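Participant: Just passing along the structure, written as structure tokens.
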Amino acid sequence: MKLVLALLTFASAAFAGSTIVYVSESGEKRIAVWSLDDSSGELTRQSEFALPGSPGSLSMSPGRKHLYASVRSAKQFATLDVDAKTGALSNPTFADAGFNAAYVYADKTGRWLLAASYSEGVVGVSAIKDGRVTGTPVCTITTGLKAHSIQTDAANKFAFVPHVGELNKVDQLRFDATTGLLTLNTPPHLPGGEGEGPRHFAFHPNGKWAYFVNEQGKSVTLCDYDAANGTLKSRQSVPTVPEDWRTKGSCADIHISADGRFVYASNRGHDSLAIFSVSKQAGELTSLGQAPTEKTPRSFALVSDDRFVIAAGETSHRLIVYRRDAQTGLLTPLKTYSCGKGPAWVMGK
């Protein structure tokens, strides 16, 4: 008994002062669980969980008790229990998505999982009951090919779906959190700038601005948000790469610091994270340059109360950890780590 208690005490101590980080290792058909030391930024691989297909986008339930994953090659949604102390994953259940979801998002109520399909050009909503995605989607809407993400606003009343490539638009939808139904808003979409291709986005903490990273345009677009009507209006677009890289590579992911002072976006090809400061008064962006990453930084995350950033090199199969300066927004690389093949998503608990 004393030995068991000693081991339990050691396990608790090992996770005290650490942040759990999940990585979708799509080439290995599994989700890896890492712990990040909140002081040093050291990453330690703790466990992994195998899936019946390649995982992509991840989302956490509002109560942090369940992890949702798009099992893309199986066209399923996986629900996994999350251990409160270790972050370990267990007790999988699977629901039919009906499509290959590039992006999943648990709504603010925790009752619905919204998803967008790049290859099939649809968005859908599935019910979550007792924390688990259940049944087939209650709502599916065709929005056009290359729908790349979906999120609701802070009020959980409207949803937005950016499309890269030829459609080059952001669909504006009404979301009914009682029934889970999506309907087109008026106007139904915001056109992207010429050649931009909006891919992912993030709302500013003040709820007044939204920032879209443009896959083809290698840029970030600032939009003013009308929360009453659920509509966006473009105001500024700023390059994420040096001028001689504007015709090469592509952008992937975007995040905003919790204090709203800095925006980060990933550049594939240029293999870097673009860093921007945010004007407190107007929300406009000023480039602070780029921090080099591993090869093909598809996904990254701000973790441990934004003290660190972790970016995944999708084609180098490695993770890189940066220490983030909260005052300047700049990133200092600390260490790289080998992971499974094709890391497609990074998310902190």
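Lettering and numbering for the structure tokens are positional, with chains as A, B, ... in the shown order, residues counted from 1 in each chain, and ligands counted from 1 in the shown order.
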Write out as a PyMOL selection string each polymer residue whose atoms come within 12 Å of A:Leu167, counting only C-alpha atoms; drop sequence neighbours fewer than 3 positions from it.
Facilitator: chain A and resi 118+121+143-148+161-164+170-171+189-199+216
Participant: Can you pull out the residues contacting stretch 45-47 of chain A? Cut-off 7 Å, using only C-alpha atoms, and skip same-chain residues under 4 positions away; I want them as an MDAnalysis selection string.
Facilitator: chainID A and resid 32:35 88
Participant: Using DSSP assignments from the backbone, pull out every residue in stretch 133-250 of chain A that falls under strand (DSSP E or B) and give it to me as a ChimeraX atom specification.
Facilitator: /A:133-142,147,151-152,158-163,169-175,182-191,198-203,209-214,219-226,231-239,250
Participant: Export, as a PDB file, in the first residue's frame, the selected residues with C-alpha atoms.
Facilitator:
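Ended up saving to part06.pdb:
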ATOM      1  CA  VAL A 133     -21.011  13.128 -29.853  1.00  0.00           C
ATOM      2  CA  THR A 134     -24.063  11.037 -30.699  1.00  0.00           C
ATOM      3  CA  GLY A 135     -25.796   9.909 -33.891  1.00  0.00           C
ATOM      4  CA  THR A 136     -25.524  11.462 -37.331  1.00  0.00           C
ATOM      5  CA  PRO A 137     -25.475  15.248 -37.906  1.00  0.00           C
ATOM      6  CA  VAL A 138     -28.764  17.006 -37.147  1.00  0.00           C
ATOM      7  CA  CYS A 139     -27.935  19.632 -39.764  1.00  0.00           C
ATOM      8  CA  THR A 140     -25.805  19.651 -42.907  1.00  0.00           C
ATOM      9  CA  ILE A 141     -25.446  22.611 -45.266  1.00  0.00           C
ATOM     10  CA  THR A 142     -23.604  22.745 -48.592  1.00  0.00           C
ATOM     11  CA  ALA A 147     -14.604  24.969 -46.417  1.00  0.00           C
ATOM     12  CA  GLN A 151     -16.559  28.731 -35.205  1.00  0.00           C
ATOM     13  CA  THR A 152     -19.309  30.631 -33.447  1.00  0.00           C
ATOM     14  CA  PHE A 158     -23.685  33.152 -35.375  1.00  0.00           C
ATOM     15  CA  ALA A 159     -21.150  30.897 -37.112  1.00  0.00           C
ATOM     16  CA  PHE A 160     -18.562  31.618 -39.801  1.00  0.00           C
ATOM     17  CA  VAL A 161     -17.000  29.354 -42.430  1.00  0.00           C
ATOM     18  CA  PRO A 162     -13.962  30.529 -44.432  1.00  0.00           C
ATOM     19  CA  HIS A 163     -13.225  28.954 -47.837  1.00  0.00           C
ATOM     20  CA  LYS A 169     -15.261  33.725 -49.135  1.00  0.00           C
ATOM     21  CA  VAL A 170     -16.450  33.568 -45.527  1.00  0.00           C
ATOM     22  CA  ASP A 171     -19.957  32.198 -45.107  1.00  0.00           C
ATOM     23  CA  GLN A 172     -22.038  33.990 -42.468  1.00  0.00           C
ATOM     24  CA  LEU A 173     -24.556  31.724 -40.731  1.00  0.00           C
ATOM     25  CA  ARG A 174     -27.120  31.972 -37.985  1.00  0.00           C
ATOM     26  CA  PHE A 175     -26.791  29.299 -35.305  1.00  0.00           C
ATOM     27  CA  LEU A 182     -27.559  26.527 -39.149  1.00  0.00           C
ATOM     28  CA  THR A 183     -29.156  28.912 -41.646  1.00  0.00           C
ATOM     29  CA  LEU A 184     -27.688  31.493 -44.014  1.00  0.00           C
ATOM     30  CA  ASN A 185     -27.461  35.010 -42.667  1.00  0.00           C
ATOM     31  CA  THR A 186     -27.971  38.207 -44.681  1.00  0.00           C
ATOM     32  CA  PRO A 187     -25.689  38.762 -46.509  1.00  0.00           C
ATOM     33  CA  PRO A 188     -24.777  35.050 -46.752  1.00  0.00           C
ATOM     34  CA  HIS A 189     -21.059  35.611 -47.116  1.00  0.00           C
ATOM     35  CA  LEU A 190     -18.178  38.060 -47.005  1.00  0.00           C
ATOM     36  CA  PRO A 191     -16.012  37.992 -50.165  1.00  0.00           C
ATOM     37  CA  PRO A 198      -9.405  32.793 -45.909  1.00  0.00           C
ATOM     38  CA  ARG A 199      -8.651  29.551 -44.030  1.00  0.00           C
ATOM     39  CA  HIS A 200      -8.774  29.854 -40.201  1.00  0.00           C
ATOM     40  CA  PHE A 201      -9.795  32.743 -37.947  1.00  0.00           C
ATOM     41  CA  ALA A 202      -9.913  33.977 -34.391  1.00  0.00           C
ATOM     42  CA  PHE A 203     -12.049  36.545 -32.611  1.00  0.00           C
ATOM     43  CA  TRP A 209     -12.706  42.284 -34.318  1.00  0.00           C
ATOM     44  CA  ALA A 210     -11.970  39.028 -36.119  1.00  0.00           C
ATOM     45  CA  TYR A 211      -8.722  38.048 -37.821  1.00  0.00           C
ATOM     46  CA  PHE A 212      -8.565  35.677 -40.810  1.00  0.00           C
ATOM     47  CA  VAL A 213      -5.388  34.018 -42.034  1.00  0.00           C
ATOM     48  CA  ASN A 214      -5.376  33.782 -45.837  1.00  0.00           C
ATOM     49  CA  SER A 219      -1.722  37.538 -45.186  1.00  0.00           C
ATOM     50  CA  VAL A 220      -3.992  38.251 -42.229  1.00  0.00           C
ATOM     51  CA  THR A 221      -7.202  40.232 -42.666  1.00  0.00           C
ATOM     52  CA  LEU A 222      -8.767  42.307 -39.899  1.00  0.00           C
ATOM     53  CA  CYS A 223     -12.566  42.450 -39.924  1.00  0.00           C
ATOM     54  CA  ASP A 224     -14.907  44.572 -37.856  1.00  0.00           C
ATOM     55  CA  TYR A 225     -17.638  42.441 -36.320  1.00  0.00           C
ATOM     56  CA  ASP A 226     -21.263  43.542 -35.977  1.00  0.00           C
ATOM     57  CA  THR A 231     -21.785  40.194 -40.049  1.00  0.00           C
ATOM     58  CA  LEU A 232     -18.163  40.977 -40.866  1.00  0.00           C
ATOM     59  CA  LYS A 233     -16.560  43.863 -42.723  1.00  0.00           C
ATOM     60  CA  SER A 234     -12.952  43.757 -43.948  1.00  0.00           C
ATOM     61  CA  ARG A 235     -10.746  46.684 -42.981  1.00  0.00           C
ATOM     62  CA  GLN A 236      -7.049  45.750 -43.248  1.00  0.00           C
ATOM     63  CA  SER A 237      -4.900  43.023 -44.809  1.00  0.00           C
ATOM     64  CA  VAL A 238      -1.240  42.611 -43.822  1.00  0.00           C
ATOM     65  CA  PRO A 239       1.342  40.200 -45.356  1.00  0.00           C
ATOM     66  CA  SER A 250       0.802  29.211 -48.064  1.00  0.00           C
TER      67      SER A 250
END
Participant: Determine, counting only C-alpha atoms, which protein, DNA and RNA residues have an atom within 7 Å of an atom of A:Leu114; residues of the same chain fewer than 4 positions away are not included. Present the result as number ranges by chain.
Facilitator: A: 104-106, 124-126, 150
Participant: Since we have the selection now, will you write its residues out, keeping C-alpha atoms, as an mmCIF file, in the first residue's frame?
Facilitator:
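So the final result, stored in result.cif, reads:
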data_model
loop_
_atom_site.group_PDB
_atom_site.id
_atom_site.type_symbol
_atom_site.label_atom_id
_atom_site.label_comp_id
_atom_site.auth_asym_id
_atom_site.auth_seq_id
_atom_site.Cartn_x
_atom_site.Cartn_y
_atom_site.Cartn_z
ATOM 1 C CA VAL A 104 -14.293 20.498 -35.479
ATOM 2 C CA TYR A 105 -15.538 22.956 -32.866
ATOM 3 C CA ALA A 106 -17.529 22.390 -29.682
ATOM 4 C CA GLY A 124 -22.604 20.063 -40.190
ATOM 5 C CA VAL A 125 -23.752 20.032 -36.587
ATOM 6 C CA SER A 126 -23.849 16.897 -34.414
ATOM 7 C CA ILE A 150 -16.052 26.869 -38.477
#
Participant: Rank nothing, just name the residue among A:Ala116, A:Ile310, A:Ala252, A:Ala102 nearest to A:Lys218, using only C-alpha atoms.
Facilitator: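 With only C-alpha atoms as the atom set, the closest residue is A:Ala252.
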Participant: Please compute the atom CA of A:Ser299-atom CA of A:Thr109 distance, one decimal, in Å.
Facilitator: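 These two atoms are separated by 25.4 Å.
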Participant: As a ChimeraX atom specification, please: the residues near A:Met60 (cut-off 10 Å, only C-alpha atoms, same-chain neighbours under 5 positions excluded).
Facilitator: /A:65-69,79-80,82,104-107,110,347-349
Participant: Kindly export the residues of the current selection with C-alpha atoms, as an mmCIF file, in the first residue's frame.
Facilitator:
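Wrote it out as selection_1.cif, contents follow:
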data_model
loop_
_atom_site.group_PDB
_atom_site.id
_atom_site.type_symbol
_atom_site.label_atom_id
_atom_site.label_comp_id
_atom_site.auth_asym_id
_atom_site.auth_seq_id
_atom_site.Cartn_x
_atom_site.Cartn_y
_atom_site.Cartn_z
ATOM 1 C CA LYS A 65 -13.695 16.538 -19.531
ATOM 2 C CA HIS A 66 -13.928 15.317 -23.123
ATOM 3 C CA LEU A 67 -11.755 15.611 -26.207
ATOM 4 C CA TYR A 68 -13.343 15.548 -29.667
ATOM 5 C CA ALA A 69 -11.353 14.510 -32.727
ATOM 6 C CA THR A 79 -15.125 11.333 -28.186
ATOM 7 C CA LEU A 80 -12.496 10.554 -25.539
ATOM 8 C CA VAL A 82 -9.810 13.223 -20.417
ATOM 9 C CA VAL A 104 -14.293 20.498 -35.479
ATOM 10 C CA TYR A 105 -15.538 22.956 -32.866
ATOM 11 C CA ALA A 106 -17.529 22.390 -29.682
ATOM 12 C CA ASP A 107 -20.017 25.230 -29.220
ATOM 13 C CA GLY A 110 -21.197 21.970 -24.990
ATOM 14 C CA MET A 347 -3.852 21.868 -28.723
ATOM 15 C CA GLY A 348 -3.222 22.627 -25.045
ATOM 16 C CA LYS A 349 -5.579 21.522 -22.307
#
Participant: Hey, which of A:Asn156, A:Ser54, A:Gln281, A:Thr19 ends up closest to A:Leu302? Count only C-alpha atoms.
Facilitator: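 With only C-alpha atoms as the atom set, the closest residue is A:Thr19.
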Participant: Could you tell me which of A:Ala78, A:Ala177, A:Ala282, A:Val309 comes closest to A:Ser257 if we count only C-alpha atoms?
Facilitator: A:Val309
Participant: Compare A:Asp176, A:Glu28, A:Glu120, A:Glu166 by their minimum atom-to-atom distance to A:Leu51, counting only C-alpha atoms, and give me the closest one.
Facilitator: A:Glu28
Participant: What does the distance from atom CA of A:Gln76 to atom CA of A:Asn100 come to in Å, to one decimal?
Facilitator: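 Between atom CA of A:Gln76 and atom CA of A:Asn100 the gap is 7.6 Å.
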Participant: If you measure from atom CA of A:Leu58 to atom CA of A:Lys208, what distance in Å do you get, rounded to one decimal?
Facilitator: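 Computed distance, atom CA of A:Leu58 to atom CA of A:Lys208, equals 25.8 Å.
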Participant: Considering only C-alpha atoms, can you say which of A:Leu36, A:Ile20, A:Cys251, A:Ile275 comes closest to A:Asp325?
Facilitator: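 The answer is A:Ile275, which sits nearest to A:Asp325.
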Participant: What residues in stretch 23-250 of chain A get the DSSP label helix (DSSP H, G or I)? Please answer as a list in words.
Facilitator: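 The helix (DSSP H, G or I) subset of stretch 23-250 of chain A is Ser26, Gly27, Glu28, Arg72, Ser73, Ala74, Glu243, Asp244 and Trp245 of chain A.
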